[in-house]
Every structure is written in structure tokens, then in C-alpha cells.
file coords33.cif (mmCIF, C-alpha atoms)
data_protein
loop_
_atom_site.label_atom_id
_atom_site.label_comp_id
_atom_site.auth_asym_id
_atom_site.auth_seq_id
_atom_site.Cartn_x
_atom_site.Cartn_y
_atom_site.Cartn_z
CA MET U 1 28.19 -20.40 -3.53
CA ASN U 2 25.93 -17.41 -3.32
CA SER U 3 22.54 -18.29 -4.80
CA SER U 4 21.17 -14.76 -4.85
CA ALA U 5 18.36 -13.40 -7.00
CA LYS U 6 20.91 -12.98 -9.81
CA SER U 7 20.70 -16.66 -10.65
CA SER U 8 18.42 -17.53 -13.53
CA GLU U 9 16.34 -19.96 -11.47
CA PRO U 10 15.20 -19.46 -7.88
CA PRO U 11 16.98 -21.94 -5.62
CA PHE U 12 14.82 -24.86 -4.58
CA ALA U 13 15.51 -24.32 -0.90
CA ALA U 14 14.39 -20.68 -1.00
CA ALA U 15 11.02 -21.33 -2.53
CA GLY U 16 10.56 -25.02 -3.09
CA GLY U 17 7.63 -26.36 -5.03
CA LEU U 18 6.41 -28.71 -2.36
CA ASP U 19 2.64 -28.44 -2.51
CA THR U 20 1.08 -30.49 0.25
CA PRO U 21 -2.60 -31.42 0.30
CA LEU U 22 -4.51 -30.25 3.36
CA LEU U 23 -6.71 -32.59 5.33
CA GLY U 24 -10.19 -31.32 6.16
CA GLU U 25 -10.27 -28.23 8.36
CA GLN U 26 -6.60 -28.41 9.33
CA ASP U 27 -5.04 -25.00 10.02
CA PRO U 28 -2.93 -24.42 6.90
CA TYR U 29 -0.40 -22.47 8.96
CA ARG U 30 0.03 -25.49 11.25
CA ALA U 31 0.71 -27.57 8.13
CA LEU U 32 3.16 -24.92 6.90
CA ASP U 33 4.87 -24.77 10.30
CA ASP U 34 5.23 -28.57 10.36
CA LEU U 35 6.60 -28.56 6.81
CA MET U 36 9.10 -25.81 7.60
CA ALA U 37 10.22 -27.51 10.82
CA ALA U 38 11.09 -30.61 8.78
CA ILE U 39 12.84 -28.60 6.06
CA GLU U 40 14.80 -26.51 8.55
CA PHE U 41 16.01 -29.74 10.16
CA PHE U 42 17.61 -30.85 6.89
CA CYS U 43 18.47 -27.44 5.41
CA PRO U 44 19.51 -25.04 8.17
CA VAL U 45 21.31 -22.59 5.84
CA TRP U 46 19.17 -20.65 3.40
CA PRO U 47 20.36 -18.99 0.20
CA GLN U 48 20.51 -15.20 0.25
CA ARG U 49 17.58 -13.27 -1.16
CA GLY U 50 17.95 -10.20 -3.33
CA GLN U 51 16.72 -6.78 -2.26
CA PHE U 52 14.03 -4.73 -3.92
CA ALA U 53 15.37 -3.23 -7.11
CA GLU U 54 15.39 0.55 -7.50
CA GLY U 55 13.12 1.61 -10.31
CA ALA U 56 10.85 -1.42 -10.04
CA ARG U 57 7.34 -1.01 -11.47
CA ILE U 58 5.27 -0.84 -8.31
CA LEU U 59 1.76 -0.28 -9.61
CA MET U 60 -0.32 -2.20 -7.08
CA MET N 1 3.06 -22.66 19.54
CA PRO N 2 5.13 -22.62 16.34
CA LEU N 3 7.68 -25.37 15.86
CA SER N 4 9.75 -23.93 13.04
CA ARG N 5 12.10 -20.96 13.12
CA LEU N 6 10.03 -19.38 10.37
CA GLY N 7 6.86 -19.88 12.39
CA LYS N 8 8.42 -18.31 15.47
CA GLN N 9 9.71 -15.39 13.39
CA ILE N 10 6.26 -14.71 11.94
CA ALA N 11 4.54 -15.04 15.30
CA GLU N 12 6.98 -12.62 16.92
CA ALA N 13 6.80 -10.04 14.14
CA ALA N 14 3.01 -10.18 13.81
CA ALA N 15 2.51 -9.77 17.57
CA ALA N 16 4.99 -6.89 17.76
CA LEU N 17 3.51 -5.01 14.80
CA ASN N 18 -0.03 -5.60 16.03
CA ALA N 19 1.01 -4.22 19.41
CA ILE N 20 2.11 -0.89 17.93
CA GLY N 21 -1.10 -0.65 15.92
CA ALA N 22 0.52 -1.15 12.54
CA ARG N 23 -1.76 -2.87 10.06
CA VAL N 24 0.15 -5.46 8.06
CA ALA N 25 -0.96 -8.41 5.95
CA LEU N 26 0.82 -11.44 4.60
CA ILE N 27 1.63 -11.47 0.93
CA GLY N 28 4.08 -13.73 -0.89
CA GLY N 29 4.64 -17.43 -0.27
CA LEU N 30 3.27 -17.39 3.28
CA ALA N 31 -0.07 -16.01 2.18
CA LEU N 32 -0.53 -18.95 -0.20
CA ALA N 33 -1.41 -21.12 2.79
CA SER N 34 -4.65 -19.19 3.30
CA HIS N 35 -5.62 -19.93 -0.28
CA LYS N 36 -5.27 -23.72 -0.40
CA VAL N 37 -1.61 -23.83 -1.44
CA VAL N 38 0.99 -24.80 1.15
CA ARG N 39 4.58 -24.75 -0.01
CA ALA N 40 7.98 -24.32 1.55
CA THR N 41 9.18 -20.75 1.81
CA GLN N 42 11.58 -18.72 3.90
CA ASP N 43 10.25 -15.39 2.72
CA VAL N 44 8.29 -13.21 5.12
CA ASP N 45 6.62 -10.67 2.84
CA LEU N 46 4.27 -8.15 4.38
CA LEU N 47 2.03 -5.47 2.95
CA ALA N 48 2.21 -2.64 5.46
CA GLN N 49 0.60 0.72 6.19
CA ALA N 50 2.79 3.34 4.54
CA GLU N 51 1.87 5.87 7.25
CA LYS N 52 3.38 3.57 9.89
CA ALA N 53 6.70 3.02 8.10
CA ASP N 54 8.73 4.87 10.74
CA GLU N 55 7.05 3.05 13.65
CA ILE N 56 7.46 -0.30 11.94
CA ASP N 57 11.11 0.50 11.30
CA ALA N 58 11.67 1.33 14.97
CA GLU N 59 9.91 -1.85 16.11
CA LEU N 60 11.87 -4.10 13.77
CA LEU N 61 15.14 -2.49 14.89
CA ARG N 62 14.05 -3.12 18.48
CA LEU N 63 13.55 -6.80 17.60
CA GLY N 64 17.13 -6.95 16.35
CA TYR N 65 16.64 -6.52 12.62
CA ARG N 66 18.73 -4.13 10.58
CA CYS N 67 17.44 -2.24 7.60
CA LEU N 68 19.07 -3.27 4.31
CA HIS N 69 17.07 -0.98 2.09
CA ARG N 70 14.19 1.42 2.49
CA SER N 71 12.31 3.50 -0.04
CA PRO N 72 8.79 4.97 -0.10
CA ASP N 73 7.63 1.75 -1.81
CA ALA N 74 9.43 -1.03 0.02
CA ALA N 75 11.96 -2.08 2.64
CA ASN N 76 14.12 -5.11 3.45
CA TYR N 77 15.16 -6.09 6.98
CA LEU N 78 17.60 -8.77 8.09
CA ARG N 79 18.33 -10.44 11.45
CA GLY N 80 20.95 -13.16 11.10
CA ASP N 81 19.54 -15.19 8.23
CA GLU N 82 15.95 -14.10 8.91
CA ARG N 83 14.46 -11.64 6.45
CA ILE N 84 11.34 -9.51 6.50
CA ASP N 85 10.41 -7.70 3.32
CA LEU N 86 7.83 -4.93 3.42
CA LEU N 87 5.81 -3.46 0.62
CA TYR N 88 4.15 -0.21 1.69
CA ALA N 89 0.52 0.25 0.79
CA SER N 90 0.46 3.76 -0.62
CA ARG N 91 -1.45 3.32 -3.88
CA PRO N 92 -5.23 2.83 -4.01
CA ILE N 93 -5.14 -0.87 -4.93
CA ALA N 94 -2.69 -1.85 -2.20
CA ARG N 95 -4.50 0.31 0.37
CA HIS N 96 -7.77 -1.40 -0.51
CA LEU N 97 -6.20 -4.86 -0.31
CA LEU N 98 -4.69 -4.06 3.09
CA ALA N 99 -7.96 -2.65 4.40
CA THR N 100 -9.90 -5.72 3.27
CA ALA N 101 -7.32 -8.35 4.23
CA ALA N 102 -8.97 -11.18 6.17
CA GLU N 103 -7.97 -11.70 9.79
CA VAL N 104 -7.32 -15.35 10.53
CA LYS N 105 -6.52 -17.15 13.76
CA THR N 106 -3.66 -19.55 13.09
CA ALA N 107 -1.07 -21.66 14.82
CA LEU N 108 1.26 -18.71 14.33
CA GLY N 109 -1.09 -16.21 15.97
CA ASP N 110 -3.59 -13.74 14.57
CA LEU N 111 -2.60 -12.85 11.02
CA ARG N 112 -4.07 -10.75 8.25
CA VAL N 113 -3.85 -12.16 4.75
CA VAL N 114 -4.64 -10.48 1.45
CA GLY N 115 -7.24 -12.07 -0.81
CA ALA N 116 -6.26 -14.55 -3.51
CA GLU N 117 -6.85 -12.04 -6.32
CA GLY N 118 -4.60 -9.43 -4.71
CA LEU N 119 -2.00 -12.04 -3.92
CA ILE N 120 -1.92 -13.04 -7.58
CA GLY N 121 -1.61 -9.34 -8.46
CA PHE N 122 1.43 -8.94 -6.23
CA LYS N 123 2.94 -12.13 -7.66
CA LEU N 124 2.42 -10.73 -11.14
CA GLN N 125 4.08 -7.46 -10.11
CA GLY N 126 7.10 -9.44 -8.87
CA LEU N 127 7.24 -11.44 -12.07
CA VAL N 128 7.01 -8.34 -14.28
CA ASN N 129 9.82 -6.68 -12.34
CA ASP N 130 12.04 -9.75 -12.52
CA PRO N 131 11.03 -12.35 -15.13
CA ARG N 132 13.63 -14.72 -13.64
CA ARG N 133 11.32 -15.19 -10.64
CA THR N 134 9.73 -18.29 -12.08
CA GLN N 135 8.41 -19.26 -8.63
CA ASP N 136 6.00 -16.33 -8.85
CA LEU N 137 4.56 -17.76 -12.07
CA GLU N 138 4.24 -21.21 -10.49
CA ASP N 139 2.47 -19.65 -7.50
CA ILE N 140 0.03 -17.86 -9.81
CA ARG N 141 -0.67 -21.17 -11.55
CA ALA N 142 -1.21 -22.96 -8.23
CA LEU N 143 -3.52 -20.21 -6.93
CA LEU N 144 -5.59 -20.23 -10.12
CA ARG N 145 -5.94 -24.02 -9.97
CA ALA N 146 -6.81 -24.16 -6.27
CA ASN N 147 -9.27 -21.23 -6.32
CA SER N 148 -10.69 -21.33 -9.84
CA VAL N 149 -14.29 -21.55 -8.62
CA THR N 150 -14.15 -18.67 -6.15
CA LEU N 151 -11.80 -16.15 -7.78
CA ASN N 152 -13.24 -12.80 -8.83
CA MET N 153 -12.18 -12.90 -12.46
CA ALA N 154 -13.04 -9.25 -13.15
CA GLU N 155 -10.75 -8.10 -10.32
CA LEU N 156 -8.06 -10.52 -11.44
CA ARG N 157 -8.22 -9.27 -15.01
CA GLU N 158 -7.81 -5.69 -13.80
CA TYR N 159 -4.46 -6.63 -12.24
CA PHE N 160 -3.24 -8.34 -15.41
CA ARG N 161 -4.41 -5.34 -17.45
CA LEU N 162 -2.50 -3.01 -15.12
CA PHE N 163 0.71 -4.79 -16.10
CA ASP N 164 -0.33 -5.28 -19.74
CA ARG N 165 -0.36 -9.06 -19.28
CA GLU N 166 -3.95 -10.01 -20.12
CA SER N 167 -2.71 -12.54 -22.66
CA LEU N 168 -0.77 -14.29 -19.90
CA LEU N 169 -3.96 -14.58 -17.83
CA ASP N 170 -5.81 -16.09 -20.79
CA GLU N 171 -2.95 -18.52 -21.33
CA LEU N 172 -2.94 -19.58 -17.68
CA LEU N 173 -6.71 -19.93 -17.53
CA GLY N 174 -6.56 -22.02 -20.69
CA GLU N 175 -4.29 -24.44 -18.85
CA ILE N 176 -6.77 -25.10 -16.06
CA LEU N 177 -10.16 -24.83 -17.71
#
call {"tool": "encode", "arguments": {"input": "coords33.cif", "output": "C-alpha cells"}}
result
Amino acid sequence: MNSSAKSSEPPFAAAGGLDTPLLGEQDPYRALDDLMAAIEFFCPVWPQRGQFAEGARILM
Amino acid sequence: MPLSRLGKQIAEAAAALNAIGARVALIGGLALASHKVVRATQDVDLLAQAEKADEIDAELLRLGYRCLHRSPDAANYLRGDERIDLLYASRPIARHLLATAAEVKTALGDLRVVGAEGLIGFKLQGLVNDPRRTQDLEDIRALLRANSVTLNMAELREYFRLFDRESLLDELLGEIL
């Protein structure tokens, strides 16, 4: 199944809501890398992501 | 040394783009980590110097990416299942956010990351362009909660005003205050 940006909900694996508390002065990117290493171990295939839409309101 | 494929991808891309003198900064899910929110993501979203678009394109092609889409505003690159999405800083707000992005030394190398207010602004822009992107709204909520004491509310309100969504900001702030 192709879980592209056309689906009504973003797929969990593409942008999961796993907030993890940081401990003290831990490098948050080390924590992210550790988290992603674990997730990649269990979920090696990622859903496709949509491309930027033509005509999008880019105001920033 | 990164352990994950995503970490290695970021480290490689950041080092390569730094080496050609292209100023880029993390936006999107990866940038959340610098602002007290760590969540799983596969998306490498970068704010990049518009003037360096051609050089960045050449460098990413050299690294094995192919260009899926490119416009004056944005570009998407793919290598296998690894994506890099670029938003070019050509307007005053984005140029300012890129110029003032903090440089941080991380396990993935030296990275620049936009401030929390700008990150929320980009998330809002994504949400406005595609209201189905509910993750963007959840990220805005998480950033507001985690940074409520330090956020520059005047700057934040400007971004919500830009997209005519001030009522959404009030609603979200009402949830956390």
C-alpha cells in the first residue's frame, strides 16, 4: 500500500508521535539517533512522502 | 558517530553542504530536537540559501541523490528511500531565520537549527498548505508546551498573523496556559 501524503492521516512510521524525555545535558541529537536506530531496526521500509505542491502559499 | 541511517544521512549531507559553503539549517521534525522535543522522523528538511541552489543541486547529485522537483521556492531529492527536502530562503523572514540559525555541535556533526519561533512558523506554513498534515499541528503544540517560558510571543504572533491564523494561536495557548 502506498501511504503517500494523499492519505488523510500521516502514517505513524513517517512521523510518529514518540516524544521522549531528555536526561540532563544529553545531546538531543544523540537521543534522536538512538531512537531512530531502534525504529529502523523494526521498520526498515518507510512510507513514501509527497512532494511540494505547486502553488503552495510560501510566505515565510 | 551516528548509529542510525537517518543520522548518517544527515551527517553526510551537512558536512558536504558545509564544505561547499552553502548555509543550510534544519527545519521540520529534526529541528524539534534542539527545542526540547525528540520524536521519530524520517524527514530531512532544510532551509537553504536560495543563491546556492545550483551548487547545492550539484552536490546532492554528486552524493547520489536525484532531483524529484525543483522550483524557486523548494526542491525534493531522493536517494533510494532517503529524502532531502529543501526550502529556499528567498523572502525576508526565511533569510533572517537562516542568518540567525544557531550552530550546534551534535552527535551528527555541526548543524544549524532555526529558532523555535521560526520552526513553528514553518510548521504553520505546512499546515496551511495541507490541513491533512496533522503532525505539523501536533509539533506546534509540543513546541509551545516545551518552550512556553522562552518563546518570543510577539514574533510567534507575527507568523500566525501572516497566515491569518491568530485565532489558532490563541486556541493553542489556551490549551497550555
call {"tool": "interface_residues", "arguments": {"input": "coords33.cif", "of": "chain N", "to": "chain U", "cutoff": "8 Å", "atoms": "only C-alpha atoms", "output": "PyMOL selection string"}}
result
chain N and resi 2-7+29+33-34+36-43+68-69+73-76+81+91-94+106-108+121-122+125+128-129+132-135+159+162-163
call {"tool": "write_last_selection", "arguments": {"input": "coords33.cif", "atoms": "C-alpha atoms", "output": "compact mmCIF listing (two decimals), in the frame of the given file"}}
result
# COMPACT_ATOMS: atom_id res chain seq x y z
CA PRO N 2 5.13 -22.62 16.34
CA LEU N 3 7.68 -25.37 15.86
CA SER N 4 9.75 -23.93 13.04
CA ARG N 5 12.10 -20.96 13.12
CA LEU N 6 10.03 -19.38 10.37
CA GLY N 7 6.86 -19.88 12.39
CA GLY N 29 4.64 -17.43 -0.27
CA ALA N 33 -1.41 -21.12 2.79
CA SER N 34 -4.65 -19.19 3.30
CA LYS N 36 -5.27 -23.72 -0.40
CA VAL N 37 -1.61 -23.83 -1.44
CA VAL N 38 0.99 -24.80 1.15
CA ARG N 39 4.58 -24.75 -0.01
CA ALA N 40 7.98 -24.32 1.55
CA THR N 41 9.18 -20.75 1.81
CA GLN N 42 11.58 -18.72 3.90
CA ASP N 43 10.25 -15.39 2.72
CA LEU N 68 19.07 -3.27 4.31
CA HIS N 69 17.07 -0.98 2.09
CA ASP N 73 7.63 1.75 -1.81
CA ALA N 74 9.43 -1.03 0.02
CA ALA N 75 11.96 -2.08 2.64
CA ASN N 76 14.12 -5.11 3.45
CA ASP N 81 19.54 -15.19 8.23
CA ARG N 91 -1.45 3.32 -3.88
CA PRO N 92 -5.23 2.83 -4.01
CA ILE N 93 -5.14 -0.87 -4.93
CA ALA N 94 -2.69 -1.85 -2.20
CA THR N 106 -3.66 -19.55 13.09
CA ALA N 107 -1.07 -21.66 14.82
CA LEU N 108 1.26 -18.71 14.33
CA GLY N 121 -1.61 -9.34 -8.46
CA PHE N 122 1.43 -8.94 -6.23
CA GLN N 125 4.08 -7.46 -10.11
CA VAL N 128 7.01 -8.34 -14.28
CA ASN N 129 9.82 -6.68 -12.34
CA ARG N 132 13.63 -14.72 -13.64
CA ARG N 133 11.32 -15.19 -10.64
CA THR N 134 9.73 -18.29 -12.08
CA GLN N 135 8.41 -19.26 -8.63
CA TYR N 159 -4.46 -6.63 -12.24
CA LEU N 162 -2.50 -3.01 -15.12
CA PHE N 163 0.71 -4.79 -16.10
call {"tool": "residues_around", "arguments": {"input": "coords33.cif", "residues": "Ile120 in chain N", "least_positions_apart": "3", "cutoff": "12 Å", "atoms": "only C-alpha atoms", "output": "PDB file with C-alpha atoms, in the coordinates of the input"}}
result
ATOM      1  CA  MET U  60      -0.320  -2.200  -7.080  1.00  0.00           C
TER       2      MET U  60
ATOM      3  CA  ILE N  27       1.630 -11.470   0.930  1.00  0.00           C
ATOM      4  CA  GLY N  28       4.080 -13.730  -0.890  1.00  0.00           C
ATOM      5  CA  GLY N  29       4.640 -17.430  -0.270  1.00  0.00           C
ATOM      6  CA  ALA N  31      -0.070 -16.010   2.180  1.00  0.00           C
ATOM      7  CA  LEU N  32      -0.530 -18.950  -0.200  1.00  0.00           C
ATOM      8  CA  HIS N  35      -5.620 -19.930  -0.280  1.00  0.00           C
ATOM      9  CA  LEU N  97      -6.200  -4.860  -0.310  1.00  0.00           C
ATOM     10  CA  VAL N 114      -4.640 -10.480   1.450  1.00  0.00           C
ATOM     11  CA  GLY N 115      -7.240 -12.070  -0.810  1.00  0.00           C
ATOM     12  CA  ALA N 116      -6.260 -14.550  -3.510  1.00  0.00           C
ATOM     13  CA  GLU N 117      -6.850 -12.040  -6.320  1.00  0.00           C
ATOM     14  CA  LYS N 123       2.940 -12.130  -7.660  1.00  0.00           C
ATOM     15  CA  LEU N 124       2.420 -10.730 -11.140  1.00  0.00           C
ATOM     16  CA  GLN N 125       4.080  -7.460 -10.110  1.00  0.00           C
ATOM     17  CA  GLY N 126       7.100  -9.440  -8.870  1.00  0.00           C
ATOM     18  CA  LEU N 127       7.240 -11.440 -12.070  1.00  0.00           C
ATOM     19  CA  ASP N 136       6.000 -16.330  -8.850  1.00  0.00           C
ATOM     20  CA  LEU N 137       4.560 -17.760 -12.070  1.00  0.00           C
ATOM     21  CA  GLU N 138       4.240 -21.210 -10.490  1.00  0.00           C
ATOM     22  CA  ASP N 139       2.470 -19.650  -7.500  1.00  0.00           C
ATOM     23  CA  ILE N 140       0.030 -17.860  -9.810  1.00  0.00           C
ATOM     24  CA  ARG N 141      -0.670 -21.170 -11.550  1.00  0.00           C
ATOM     25  CA  ALA N 142      -1.210 -22.960  -8.230  1.00  0.00           C
ATOM     26  CA  LEU N 143      -3.520 -20.210  -6.930  1.00  0.00           C
ATOM     27  CA  LEU N 144      -5.590 -20.230 -10.120  1.00  0.00           C
ATOM     28  CA  ARG N 145      -5.940 -24.020  -9.970  1.00  0.00           C
ATOM     29  CA  ASN N 147      -9.270 -21.230  -6.320  1.00  0.00           C
ATOM     30  CA  LEU N 151     -11.800 -16.150  -7.780  1.00  0.00           C
ATOM     31  CA  ASN N 152     -13.240 -12.800  -8.830  1.00  0.00           C
ATOM     32  CA  MET N 153     -12.180 -12.900 -12.460  1.00  0.00           C
ATOM     33  CA  GLU N 155     -10.750  -8.100 -10.320  1.00  0.00           C
ATOM     34  CA  LEU N 156      -8.060 -10.520 -11.440  1.00  0.00           C
ATOM     35  CA  ARG N 157      -8.220  -9.270 -15.010  1.00  0.00           C
ATOM     36  CA  GLU N 158      -7.810  -5.690 -13.800  1.00  0.00           C
ATOM     37  CA  TYR N 159      -4.460  -6.630 -12.240  1.00  0.00           C
ATOM     38  CA  PHE N 160      -3.240  -8.340 -15.410  1.00  0.00           C
ATOM     39  CA  LEU N 169      -3.960 -14.580 -17.830  1.00  0.00           C
TER      40      LEU N 169
END
call {"tool": "resolve_selection", "arguments": {"input": "coords33.cif", "expression": "the PyMOL selection byres ((chain N and resi 78) around 9)", "output": "list in words"}}
result
Gly64, Tyr65, Arg66, Cys67, Leu68, Asn76, Tyr77, Arg79, Gly80, Asp81, Glu82, Arg83, Ile84 and Asp85 of chain N
call {"tool": "closest_residue", "arguments": {"input": "coords33.cif", "among": "N:Asp170, N:Ala15, N:Thr150, N:Ala48", "to": "Arg95 in chain N", "atoms": "all atoms listed in the file"}}
result
N:Ala48
call {"tool": "atom_distance", "arguments": {"input": "coords33.cif", "atom1": "CA of Val113 in chain N", "atom2": "CA of Ala101 in chain N"}}
result
5.2 Å
call {"tool": "atom_distance", "arguments": {"input": "coords33.cif", "atom1": "CA of Ala58 in chain N", "atom2": "CA of Leu111 in chain N"}}
result
20.5 Å
call {"tool": "residues_near_point", "arguments": {"input": "coords33.cif", "point": "(8.5, 0.9, 8.7)", "cutoff": "10 Å", "atoms": "only C-alpha atoms", "output": "PDB file with C-alpha atoms, in the coordinates of the input"}}
result
ATOM      1  CA  LEU N  17       3.510  -5.010  14.800  1.00  0.00           C
ATOM      2  CA  ALA N  22       0.520  -1.150  12.540  1.00  0.00           C
ATOM      3  CA  ALA N  48       2.210  -2.640   5.460  1.00  0.00           C
ATOM      4  CA  GLN N  49       0.600   0.720   6.190  1.00  0.00           C
ATOM      5  CA  ALA N  50       2.790   3.340   4.540  1.00  0.00           C
ATOM      6  CA  GLU N  51       1.870   5.870   7.250  1.00  0.00           C
ATOM      7  CA  LYS N  52       3.380   3.570   9.890  1.00  0.00           C
ATOM      8  CA  ALA N  53       6.700   3.020   8.100  1.00  0.00           C
ATOM      9  CA  ASP N  54       8.730   4.870  10.740  1.00  0.00           C
ATOM     10  CA  GLU N  55       7.050   3.050  13.650  1.00  0.00           C
ATOM     11  CA  ILE N  56       7.460  -0.300  11.940  1.00  0.00           C
ATOM     12  CA  ASP N  57      11.110   0.500  11.300  1.00  0.00           C
ATOM     13  CA  ALA N  58      11.670   1.330  14.970  1.00  0.00           C
ATOM     14  CA  GLU N  59       9.910  -1.850  16.110  1.00  0.00           C
ATOM     15  CA  LEU N  60      11.870  -4.100  13.770  1.00  0.00           C
ATOM     16  CA  LEU N  61      15.140  -2.490  14.890  1.00  0.00           C
ATOM     17  CA  CYS N  67      17.440  -2.240   7.600  1.00  0.00           C
ATOM     18  CA  ARG N  70      14.190   1.420   2.490  1.00  0.00           C
ATOM     19  CA  SER N  71      12.310   3.500  -0.040  1.00  0.00           C
ATOM     20  CA  PRO N  72       8.790   4.970  -0.100  1.00  0.00           C
ATOM     21  CA  ALA N  74       9.430  -1.030   0.020  1.00  0.00           C
ATOM     22  CA  ALA N  75      11.960  -2.080   2.640  1.00  0.00           C
ATOM     23  CA  ASN N  76      14.120  -5.110   3.450  1.00  0.00           C
ATOM     24  CA  TYR N  77      15.160  -6.090   6.980  1.00  0.00           C
ATOM     25  CA  LEU N  86       7.830  -4.930   3.420  1.00  0.00           C
ATOM     26  CA  LEU N  87       5.810  -3.460   0.620  1.00  0.00           C
ATOM     27  CA  TYR N  88       4.150  -0.210   1.690  1.00  0.00           C
TER      28      TYR N  88
END
call {"tool": "atom_distance", "arguments": {"input": "coords33.cif", "atom1": "CA of Asn18 in chain N", "atom2": "CA of Asp110 in chain N"}}
result
9.0 Å
